[in-house]
file coords_1.tsv (TSV, C-alpha atoms and all ligand atoms)
chain	number	residue	atom	x	y	z
A	684	ARG	CA	115.24	96.90	82.59
A	685	ILE	CA	116.60	94.19	84.87
A	686	ALA	CA	115.73	93.54	88.52
A	687	TYR	CA	117.31	91.27	91.12
A	688	VAL	CA	114.77	89.09	92.93
A	689	ASN	CA	115.87	86.48	95.47
A	690	GLY	CA	118.99	85.26	93.73
A	691	ARG	CA	117.99	85.91	90.12
A	692	TYR	CA	118.45	88.72	87.64
A	693	VAL	CA	115.15	88.88	85.74
A	694	ALA	CA	113.41	91.19	83.27
A	695	HIS	CA	111.84	94.03	85.26
A	696	ALA	CA	108.42	93.25	83.71
A	697	ASP	CA	108.65	89.66	85.01
A	698	ALA	CA	109.97	90.48	88.49
A	699	PHE	CA	107.53	89.21	91.14
A	700	VAL	CA	107.41	88.30	94.79
A	701	HIS	CA	104.84	85.92	96.26
A	702	ILE	CA	101.37	87.16	97.37
A	703	GLU	CA	102.13	85.94	100.88
A	704	ASP	CA	105.35	87.88	101.14
A	705	ARG	CA	105.15	89.68	104.48
A	706	GLY	CA	106.22	92.91	102.79
A	707	TYR	CA	103.01	92.77	100.76
A	708	GLN	CA	100.77	91.65	103.63
A	709	PHE	CA	102.15	93.55	106.64
A	710	ALA	CA	104.68	96.06	105.27
A	711	ASP	CA	107.04	93.83	107.27
A	712	GLY	CA	110.20	94.99	105.57
A	713	VAL	CA	112.78	97.72	105.17
A	714	TYR	CA	114.46	99.49	102.28
A	715	GLU	CA	117.28	101.77	101.20
A	716	VAL	CA	117.72	104.16	98.30
A	717	CYS	CA	121.21	105.12	97.14
A	718	GLU	CA	121.93	107.89	94.68
A	719	VAL	CA	123.94	106.93	91.62
A	720	ALA	CA	125.93	109.90	90.30
A	721	ARG	CA	128.48	109.97	87.49
A	722	GLY	CA	128.90	106.20	87.65
A	723	PHE	CA	129.36	106.04	91.44
A	724	ILE	CA	127.05	104.74	94.14
A	725	VAL	CA	126.97	107.51	96.76
A	726	ASP	CA	127.54	106.74	100.46
A	727	MET	CA	126.85	103.02	100.04
A	728	PRO	CA	128.59	101.92	103.28
A	729	ARG	CA	126.47	104.35	105.31
A	730	HIS	CA	123.28	103.12	103.65
A	731	LEU	CA	124.23	99.51	104.40
A	732	GLY	CA	125.00	100.50	107.99
A	733	ARG	CA	121.51	101.95	108.35
A	734	LEU	CA	120.03	98.86	106.65
A	735	ASN	CA	121.78	96.74	109.26
A	736	ARG	CA	120.22	98.84	112.01
A	737	SER	CA	116.72	98.62	110.46
A	738	LEU	CA	117.03	94.82	110.09
A	739	THR	CA	118.32	94.44	113.65
A	740	GLU	CA	115.48	96.53	115.10
A	741	LEU	CA	112.95	94.23	113.36
A	742	SER	CA	114.88	90.95	113.93
A	743	ILE	CA	115.07	90.28	110.19
A	744	ASP	CA	118.15	88.37	109.05
A	745	TRP	CA	120.39	89.64	106.26
A	746	PRO	CA	119.09	88.00	103.05
A	747	VAL	CA	122.68	87.80	101.74
A	748	THR	CA	125.88	88.72	103.54
A	749	ARG	CA	126.78	92.36	103.96
A	750	GLY	CA	129.74	91.74	101.65
A	751	VAL	CA	127.60	90.33	98.82
A	752	LEU	CA	124.91	93.03	98.77
A	753	PRO	CA	127.18	95.72	97.23
A	754	ILE	CA	128.09	93.26	94.46
A	755	ILE	CA	124.38	92.74	93.66
A	756	MET	CA	123.71	96.49	93.79
A	757	ARG	CA	126.58	97.16	91.39
A	758	GLU	CA	125.42	94.41	89.07
A	759	VAL	CA	121.87	95.81	88.93
A	760	VAL	CA	123.21	99.31	88.29
A	761	ARG	CA	125.51	97.98	85.56
A	762	ARG	CA	122.88	95.80	83.86
A	763	ASN	CA	120.53	98.80	83.70
A	764	HIS	CA	123.26	101.10	82.33
A	765	VAL	CA	122.63	103.63	85.11
A	766	THR	CA	125.31	106.29	85.46
A	767	ASP	CA	122.96	108.83	87.07
A	768	GLY	CA	119.87	107.72	88.96
A	769	LEU	CA	119.23	105.51	91.94
A	770	VAL	CA	119.51	101.98	93.21
A	771	TYR	CA	116.67	100.70	95.42
A	772	LEU	CA	116.82	97.68	97.68
A	773	GLN	CA	114.13	96.09	99.80
A	774	VAL	CA	114.35	93.33	102.37
A	775	THR	CA	111.22	91.74	103.82
A	776	ARG	CA	110.79	89.01	106.42
A	777	GLY	CA	109.89	86.68	103.55
A	778	VAL	CA	107.04	84.43	102.46
A	779	ALA	CA	104.92	82.68	105.07
A	780	SER	CA	101.32	81.64	105.62
A	781	ARG	CA	99.57	84.78	106.91
A	782	ASP	CA	99.99	85.12	110.66
A	783	PHE	CA	100.95	88.21	112.65
A	784	VAL	CA	103.77	86.70	114.69
A	785	PHE	CA	107.19	86.12	113.15
A	786	PRO	CA	107.22	82.87	111.17
A	787	ALA	CA	109.94	80.34	112.04
A	788	GLY	CA	112.63	79.53	109.50
A	789	THR	CA	111.52	81.95	106.79
A	790	LYS	CA	114.14	83.23	104.37
A	791	PRO	CA	114.07	87.02	103.98
A	792	SER	CA	113.23	88.33	100.49
A	793	LEU	CA	115.62	90.66	98.69
A	794	VAL	CA	114.70	92.84	95.73
A	795	VAL	CA	117.11	95.27	94.06
A	796	THR	CA	116.17	97.63	91.23
A	797	ALA	CA	117.88	100.59	89.59
A	798	ARG	CA	116.62	103.43	87.48
A	799	LYS	CA	118.01	106.35	85.54
A	800	ALA	CA	117.39	109.99	86.43
A	801	ASP	CA	118.25	113.15	84.55
A	802	PRO	CA	120.91	115.14	86.46
A	803	ALA	CA	120.18	118.24	84.38
A	804	ALA	CA	116.52	118.16	85.46
A	805	ALA	CA	117.59	117.88	89.12
A	806	GLU	CA	119.92	120.88	88.73
A	807	LYS	CA	117.09	122.87	87.17
A	808	ARG	CA	114.83	121.99	90.10
A	809	ALA	CA	117.53	123.14	92.50
A	810	GLU	CA	117.89	126.43	90.62
A	811	SER	CA	114.21	127.24	91.02
A	812	GLY	CA	113.68	125.53	94.39
A	813	ILE	CA	110.67	123.52	95.49
A	814	LYS	CA	107.64	124.07	97.74
A	815	VAL	CA	106.53	122.26	100.89
A	816	ILE	CA	103.24	122.05	102.73
A	817	THR	CA	102.85	121.01	106.36
A	818	VAL	CA	100.69	118.17	107.67
A	819	LEU	CA	100.01	117.00	111.20
A	820	GLU	CA	102.31	114.14	112.26
A	821	ASN	CA	100.29	110.93	112.03
A	822	ARG	CA	102.96	108.25	111.76
A	823	TRP	CA	103.99	105.63	114.31
A	824	ASP	CA	106.80	106.38	116.76
A	825	ARG	CA	109.43	104.12	115.12
A	826	VAL	CA	110.07	106.17	111.99
A	827	ASP	CA	113.77	105.79	112.82
A	828	ILE	CA	113.37	102.36	111.18
A	829	LYS	CA	113.37	102.70	107.38
A	830	SER	CA	110.31	100.49	106.97
A	831	VAL	CA	108.26	100.05	103.80
A	832	GLY	CA	105.13	101.02	105.79
A	833	LEU	CA	104.83	104.40	104.08
A	834	LEU	CA	101.08	105.02	103.75
A	835	PRO	CA	101.10	108.26	105.81
A	836	ASN	CA	104.02	109.45	103.65
A	837	VAL	CA	102.10	108.54	100.47
A	838	LEU	CA	99.03	110.48	101.64
A	839	ALA	CA	101.10	113.49	102.75
A	840	LYS	CA	103.04	113.68	99.50
A	841	GLN	CA	99.86	113.27	97.44
A	842	LYS	CA	98.36	116.17	99.40
A	843	ALA	CA	101.48	118.20	98.62
A	844	LYS	CA	101.15	117.45	94.94
A	845	GLU	CA	97.49	118.50	94.94
A	846	ALA	CA	98.56	121.79	96.57
A	847	GLY	CA	101.19	122.39	93.88
A	848	ALA	CA	104.06	121.49	96.23
A	849	GLN	CA	106.73	118.78	95.98
A	850	GLU	CA	107.17	117.75	99.62
A	851	ALA	CA	105.12	117.56	102.83
A	852	TRP	CA	106.57	118.18	106.28
A	853	PHE	CA	105.21	116.21	109.23
A	854	VAL	CA	104.67	118.67	112.08
A	855	ASP	CA	103.88	117.96	115.74
A	856	ALA	CA	100.78	119.48	117.35
A	857	ASP	CA	103.02	122.13	118.98
A	858	GLY	CA	104.29	123.28	115.57
A	859	THR	CA	107.69	121.53	115.66
A	860	VAL	CA	108.86	120.30	112.29
A	861	LYS	CA	109.74	116.58	112.23
A	862	GLU	CA	110.83	115.78	108.65
A	863	GLY	CA	109.51	115.45	105.13
A	864	GLY	CA	107.63	112.53	103.62
A	865	SER	CA	110.91	111.38	102.10
A	866	SER	CA	113.50	113.90	103.34
A	867	ASN	CA	114.98	115.60	106.38
A	868	ALA	CA	114.24	119.27	107.08
A	869	TRP	CA	116.74	122.09	107.62
A	870	ILE	CA	116.73	125.85	108.09
A	871	ILE	CA	119.52	128.41	108.02
A	872	THR	CA	119.16	131.23	110.52
A	873	ARG	CA	119.72	134.94	109.86
A	874	ASP	CA	123.20	134.39	111.37
A	875	GLY	CA	123.99	131.68	108.83
A	876	VAL	CA	123.73	128.76	111.28
A	877	LEU	CA	122.38	125.45	109.96
A	878	VAL	CA	119.60	123.97	112.09
A	879	THR	CA	118.20	120.45	111.88
A	880	ARG	CA	116.45	118.42	114.54
A	881	PRO	CA	118.25	115.64	116.43
A	882	ALA	CA	117.83	112.19	114.91
A	883	GLU	CA	117.74	110.15	118.11
A	884	HIS	CA	114.01	109.53	117.67
A	885	GLY	CA	110.99	110.87	115.77
A	886	ILE	CA	112.73	111.05	112.39
A	887	LEU	CA	114.80	108.90	110.09
A	888	ARG	CA	118.52	109.54	110.42
A	889	GLY	CA	119.13	110.55	106.80
A	890	ILE	CA	122.41	109.46	105.27
A	891	THR	CA	122.49	112.71	103.29
A	892	ARG	CA	121.88	114.58	106.55
A	893	THR	CA	124.91	112.84	108.11
A	894	THR	CA	127.14	113.58	105.12
A	895	LEU	CA	125.94	117.21	105.05
A	896	PHE	CA	127.36	117.61	108.58
A	897	GLU	CA	130.75	116.87	107.03
A	898	VAL	CA	130.09	119.18	104.06
A	899	ALA	CA	129.13	121.99	106.45
A	900	ALA	CA	132.30	121.46	108.49
A	901	LYS	CA	134.37	121.65	105.32
A	902	LEU	CA	132.67	124.92	104.35
A	903	GLY	CA	133.20	126.29	107.87
A	904	LEU	CA	129.46	126.44	108.61
A	905	LYS	CA	128.04	125.99	112.08
A	906	ILE	CA	125.31	123.41	112.76
A	907	GLU	CA	122.87	123.42	115.66
A	908	GLU	CA	121.06	120.13	116.19
A	909	ARG	CA	117.74	121.25	117.64
A	910	GLY	CA	114.07	121.34	116.82
A	911	PHE	CA	112.55	124.30	114.99
A	912	SER	CA	108.98	125.43	114.41
A	913	VAL	CA	107.10	126.11	111.19
A	914	ALA	CA	107.05	129.81	112.19
A	915	GLU	CA	110.85	129.83	112.59
A	916	ALA	CA	111.23	128.15	109.19
A	917	LYS	CA	108.95	130.72	107.54
A	918	ALA	CA	111.14	133.50	108.93
A	919	ALA	CA	114.47	131.77	108.18
A	920	ARG	CA	117.16	133.04	105.83
A	921	GLU	CA	117.14	129.76	103.91
A	922	VAL	CA	115.23	126.49	104.08
A	923	PHE	CA	116.11	123.19	102.47
A	924	ILE	CA	115.49	119.47	102.55
A	925	SER	CA	117.95	116.60	102.22
A	926	SER	CA	117.66	113.08	100.88
A	927	ALA	CA	119.76	110.71	98.80
A	928	THR	CA	117.95	111.61	95.59
A	929	THR	CA	117.53	115.37	96.16
A	930	ILE	CA	120.85	116.07	98.01
A	931	ALA	CA	120.32	119.57	99.48
A	932	MET	CA	117.23	120.98	97.75
A	933	PRO	CA	116.17	124.60	98.37
A	934	ILE	CA	112.67	125.23	99.70
A	935	VAL	CA	111.21	128.50	98.41
A	936	ALA	CA	107.71	128.32	99.91
A	937	ILE	CA	106.07	126.84	103.01
A	938	ASP	CA	102.27	126.44	102.95
A	939	GLY	CA	102.16	128.97	100.12
A	940	ALA	CA	104.21	131.65	101.92
A	941	PRO	CA	107.55	132.53	100.29
A	942	VAL	CA	110.78	131.83	102.19
A	943	ALA	CA	112.99	134.97	102.26
A	944	ASN	CA	112.85	136.45	98.74
A	945	GLY	CA	111.30	133.31	97.28
A	946	HIS	CA	114.52	132.20	95.60
A	947	PRO	CA	116.94	129.37	96.54
A	948	GLY	CA	119.47	130.37	99.19
A	949	SER	CA	123.16	130.64	98.33
A	950	ILE	CA	124.36	128.63	101.34
A	951	THR	CA	122.04	125.76	100.40
A	952	LEU	CA	123.38	125.79	96.86
A	953	SER	CA	126.99	125.82	98.10
A	954	LEU	CA	126.22	122.78	100.30
A	955	ARG	CA	124.64	121.09	97.31
A	956	HIS	CA	127.58	121.77	95.07
A	957	ALA	CA	130.20	120.65	97.61
A	958	PHE	CA	128.29	117.47	98.48
A	959	PHE	CA	129.68	115.13	95.85
A	960	ASP	CA	133.29	115.92	96.76
A	961	VAL	CA	132.68	114.95	100.39
A	962	ALA	CA	130.38	111.93	99.92
A	963	GLU	CA	131.88	108.47	99.63
A	964	LYS	CA	131.86	107.24	96.04
A	965	SER	CA	131.84	103.50	95.32
A	966	PRO	CA	132.44	102.64	91.66
A	967	ALA	CA	129.28	101.12	90.20
A	1001	LIG	N1	113.23	110.96	106.15
A	1001	LIG	C1	112.40	110.11	105.49
A	1001	LIG	C2	111.06	109.83	106.05
A	1001	LIG	C3	112.83	109.52	104.29
A	1001	LIG	O1	112.02	108.67	103.64
A	1001	LIG	C4	114.10	109.85	103.76
A	1001	LIG	C5	114.55	109.31	102.44
A	1001	LIG	N2	114.65	107.93	102.42
A	1001	LIG	C6	114.92	110.72	104.48
A	1001	LIG	C7	114.45	111.25	105.67
A	1001	LIG	C8	116.30	111.08	103.99
A	1001	LIG	O2	117.19	110.00	104.15
A	1001	LIG	P1	118.44	109.81	103.17
A	1001	LIG	O3	119.24	111.06	103.23
A	1001	LIG	O4	119.16	108.65	103.72
A	1001	LIG	O5	117.87	109.56	101.80

call {"tool": "encode", "arguments": {"input": "coords_1.tsv", "output": "structure tokens"}}
result
Amino acid sequence: RIAYVNGRYVAHADAFVHIEDRGYQFADGVYEVCEVARGFIVDMPRHLGRLNRSLTELSIDWPVTRGVLPIIMREVVRRNHVTDGLVYLQVTRGVASRDFVFPAGTKPSLVVTARKADPAAAEKRAESGIKVITVLENRWDRVDIKSVGLLPNVLAKQKAKEAGAQEAWFVDADGTVKEGGSSNAWIITRDGVLVTRPAEHGILRGITRTTLFEVAAKLGLKIEERGFSVAEAKAAREVFISSATTIAMPIVAIDGAPVANGHPGSITLSLRHAFFDVAEKSPA
């Protein structure tokens, strides 16, 4: 495997950043994950748009121009022979002697990796659906920034795994669902209306979430952007999560209680299957 690190394509096993990189010391960095499907990078312009927002919110400069980054991403995908999988990129504020305040004149670090995934395994997962648990929201209030500070997400998803589930939902004290550890949360009401909470604050504005709005429109489905509770989700017709790597993934159990008949919902699967036609596909 090959990784891109600060201007060089190097063997993955020899790909290092400095111990005083601020990503390592302060989680002072941001990232993006794009799905690679059938030789295309999915929704790359939207991911780069969100990267720009994350960088701007943290006053981190672009490590390379916005025009050059897609070329590097493509090159990493190509050198790793990925036709289905993902491309990961991370930008940190760079290497500086450890001090909390922003260092002056530091060059941001850029790392890009890519890895293969098995599309058949993902389809199988979608056919059986996955399980979520709920955990109390314990993250900071700027989760709209796609920062590499993911320790609460790590702990929540580990807890999910130990409970035999594949995702954890962060839930406010009043029972309102925020989002998953690495996904946005959706329900479909008895009337067939898609519901997902607004992304102005409190959650990450998922790129897959945004594209699913277009998929839903194409399928003639109605979307309500509003909060919903765990109780409402447990009583919903269908429940699913969205992220770049899972697309629309059916949820069949919440905290051990089955959703509807305990099988993936048909509307979720139709969204999943229409997704690739609607998403923007950049040749890798
Ligand atoms: N919320 C969180 C916390 C995430 O980590 C992710 C995945 N990066 C998402 C939502 C979904 O975003 P996207 O559709 O852009 O992958």

call {"tool": "closest_atom_pairs", "arguments": {"input": "coords_1.tsv", "of": "chain A", "to": "ligand LIG 1001 (chain A)", "cutoff": "7 Å", "atoms": "all atoms listed in the file", "output": "JSON lines"}}
result
{"residue": "A:Glu715", "atom": "CA", "partner": "A:LIG1001", "partner_atom": "N2", "distance": 6.8}
{"residue": "A:Val716", "atom": "CA", "partner": "A:LIG1001", "partner_atom": "N2", "distance": 6.4}
{"residue": "A:His730", "atom": "CA", "partner": "A:LIG1001", "partner_atom": "O4", "distance": 6.9}
{"residue": "A:Glu862", "atom": "CA", "partner": "A:LIG1001", "partner_atom": "N1", "distance": 5.9}
{"residue": "A:Gly863", "atom": "CA", "partner": "A:LIG1001", "partner_atom": "C2", "distance": 5.9}
{"residue": "A:Gly864", "atom": "CA", "partner": "A:LIG1001", "partner_atom": "C2", "distance": 5.0}
{"residue": "A:Ser865", "atom": "CA", "partner": "A:LIG1001", "partner_atom": "O1", "distance": 3.3}
{"residue": "A:Ser866", "atom": "CA", "partner": "A:LIG1001", "partner_atom": "C7", "distance": 3.7}
{"residue": "A:Asn867", "atom": "CA", "partner": "A:LIG1001", "partner_atom": "C7", "distance": 4.4}
{"residue": "A:Ile886", "atom": "CA", "partner": "A:LIG1001", "partner_atom": "N1", "distance": 6.3}
{"residue": "A:Leu887", "atom": "CA", "partner": "A:LIG1001", "partner_atom": "N1", "distance": 4.7}
{"residue": "A:Arg888", "atom": "CA", "partner": "A:LIG1001", "partner_atom": "O2", "distance": 6.4}
{"residue": "A:Gly889", "atom": "CA", "partner": "A:LIG1001", "partner_atom": "O2", "distance": 3.3}
{"residue": "A:Ile890", "atom": "CA", "partner": "A:LIG1001", "partner_atom": "O4", "distance": 3.7}
{"residue": "A:Thr891", "atom": "CA", "partner": "A:LIG1001", "partner_atom": "O3", "distance": 3.6}
{"residue": "A:Arg892", "atom": "CA", "partner": "A:LIG1001", "partner_atom": "O3", "distance": 5.5}
{"residue": "A:Ser925", "atom": "CA", "partner": "A:LIG1001", "partner_atom": "O3", "distance": 5.8}
{"residue": "A:Ser926", "atom": "CA", "partner": "A:LIG1001", "partner_atom": "O3", "distance": 3.5}
{"residue": "A:Ala927", "atom": "CA", "partner": "A:LIG1001", "partner_atom": "O5", "distance": 3.7}
{"residue": "A:Thr928", "atom": "CA", "partner": "A:LIG1001", "partner_atom": "O5", "distance": 6.5}

call {"tool": "closest_residue", "arguments": {"input": "coords_1.tsv", "among": "A:Leu902, A:Ile755, A:Ala916, A:Val713", "to": "Ile816 (chain A)", "atoms": "only C-alpha atoms"}}
result
A:Ala916

call {"tool": "closest_residue", "arguments": {"input": "coords_1.tsv", "among": "A:Lys829, A:Lys844, A:Arg749, A:Arg909", "to": "Ala882 (chain A)", "atoms": "all atoms listed in the file"}}
result
A:Arg909

call {"tool": "closest_residue", "arguments": {"input": "coords_1.tsv", "among": "A:Ala839, A:Cys717, A:Ala803, A:Val700", "to": "Val778 (chain A)", "atoms": "all atoms listed in the file"}}
result
A:Val700

call {"tool": "atom_distance", "arguments": {"input": "coords_1.tsv", "atom1": "CA of Phe709 (chain A)", "atom2": "CA of Phe783 (chain A)"}}
result
8.1 Å

call {"tool": "atom_distance", "arguments": {"input": "coords_1.tsv", "atom1": "CA of Ile743 (chain A)", "atom2": "CA of Leu769 (chain A)"}}
result
24.1 Å

call {"tool": "atom_distance", "arguments": {"input": "coords_1.tsv", "atom1": "CA of Trp869 (chain A)", "atom2": "CA of Gly885 (chain A)"}}
result
15.0 Å

call {"tool": "closest_residue", "arguments": {"input": "coords_1.tsv", "among": "A:Ala967, A:Leu952, A:Leu877, A:Ile930", "to": "Phe896 (chain A)", "atoms": "only C-alpha atoms"}}
result
A:Leu877

call {"tool": "closest_residue", "arguments": {"input": "coords_1.tsv", "among": "A:Ala797, A:Val784, A:Ala694, A:Ala856", "to": "Leu819 (chain A)", "atoms": "all atoms listed in the file"}}
result
A:Ala856

call {"tool": "closest_residue", "arguments": {"input": "coords_1.tsv", "among": "A:Ser912, A:Asn689, A:Ser965, A:Thr894", "to": "Ser792 (chain A)", "atoms": "all atoms listed in the file"}}
result
A:Asn689

call {"tool": "residues_around", "arguments": {"input": "coords_1.tsv", "residues": "Ile870 (chain A)", "least_positions_apart": "3", "cutoff": "9 Å", "atoms": "only C-alpha atoms", "output": "ChimeraX atom specification"}}
result
/A:876-879,911,915-916,919-924

call {"tool": "write_last_selection", "arguments": {"input": "coords_1.tsv", "atoms": "C-alpha atoms", "output": "CSV table (one decimal), in the coordinates of the input"}}
result
chain,number,residue,atom,x,y,z
A,876,VAL,CA,123.7,128.8,111.3
A,877,LEU,CA,122.4,125.4,110.0
A,878,VAL,CA,119.6,124.0,112.1
A,879,THR,CA,118.2,120.4,111.9
A,911,PHE,CA,112.6,124.3,115.0
A,915,GLU,CA,110.8,129.8,112.6
A,916,ALA,CA,111.2,128.2,109.2
A,919,ALA,CA,114.5,131.8,108.2
A,920,ARG,CA,117.2,133.0,105.8
A,921,GLU,CA,117.1,129.8,103.9
A,922,VAL,CA,115.2,126.5,104.1
A,923,PHE,CA,116.1,123.2,102.5
A,924,ILE,CA,115.5,119.5,102.6

call {"tool": "residues_around", "arguments": {"input": "coords_1.tsv", "residues": "Tyr692 (chain A)", "least_positions_apart": "5", "cutoff": "10 Å", "atoms": "only C-alpha atoms", "output": "PyMOL selection string"}}
result
chain A and resi 685-687+698+755+758-759+762+794-796

call {"tool": "decode", "arguments": {"input": "coords_1.tsv", "residues": "region 715-729 of chain A", "atoms": "N, CA and C atoms", "output": "CSV table (one decimal), in the first residue's frame"}}
result
chain,number,residue,atom,x,y,z
A,715,GLU,N,-11.5,14.0,6.0
A,715,GLU,CA,-12.7,13.7,5.2
A,715,GLU,C,-12.5,12.2,4.7
A,716,VAL,N,-13.6,11.6,4.5
A,716,VAL,CA,-13.6,10.2,4.0
A,716,VAL,C,-14.5,10.2,2.8
A,717,CYS,N,-14.0,9.8,1.6
A,717,CYS,CA,-14.9,9.7,0.4
A,717,CYS,C,-15.0,8.2,0.1
A,718,GLU,N,-16.2,7.8,-0.3
A,718,GLU,CA,-16.4,6.5,-0.8
A,718,GLU,C,-15.8,6.4,-2.2
A,719,VAL,N,-15.2,5.2,-2.5
A,719,VAL,CA,-14.8,4.9,-3.9
A,719,VAL,C,-15.7,3.7,-4.3
A,720,ALA,N,-16.4,3.9,-5.4
A,720,ALA,CA,-17.3,2.9,-5.9
A,720,ALA,C,-17.2,2.7,-7.4
A,721,ARG,N,-16.9,1.5,-7.8
A,721,ARG,CA,-16.8,1.1,-9.2
A,721,ARG,C,-15.9,2.1,-10.0
A,722,GLY,N,-14.8,2.4,-9.3
A,722,GLY,CA,-13.8,3.2,-9.9
A,722,GLY,C,-14.0,4.7,-9.9
A,723,PHE,N,-15.0,5.2,-9.2
A,723,PHE,CA,-15.3,6.6,-9.1
A,723,PHE,C,-15.2,7.0,-7.6
A,724,ILE,N,-14.7,8.3,-7.4
A,724,ILE,CA,-14.8,8.9,-6.1
A,724,ILE,C,-16.1,9.6,-6.0
A,725,VAL,N,-16.9,9.3,-4.9
A,725,VAL,CA,-18.3,9.7,-4.8
A,725,VAL,C,-18.4,11.0,-4.1
A,726,ASP,N,-19.0,12.0,-4.7
A,726,ASP,CA,-19.3,13.3,-4.1
A,726,ASP,C,-18.1,14.0,-3.7
A,727,MET,N,-17.0,13.9,-4.4
A,727,MET,CA,-15.7,14.6,-4.0
A,727,MET,C,-15.9,16.1,-3.9
A,728,PRO,N,-16.5,16.8,-4.8
A,728,PRO,CA,-16.6,18.3,-4.6
A,728,PRO,C,-17.3,18.7,-3.3
A,729,ARG,N,-18.3,17.9,-3.0
A,729,ARG,CA,-19.0,18.2,-1.7
A,729,ARG,C,-18.1,18.0,-0.5
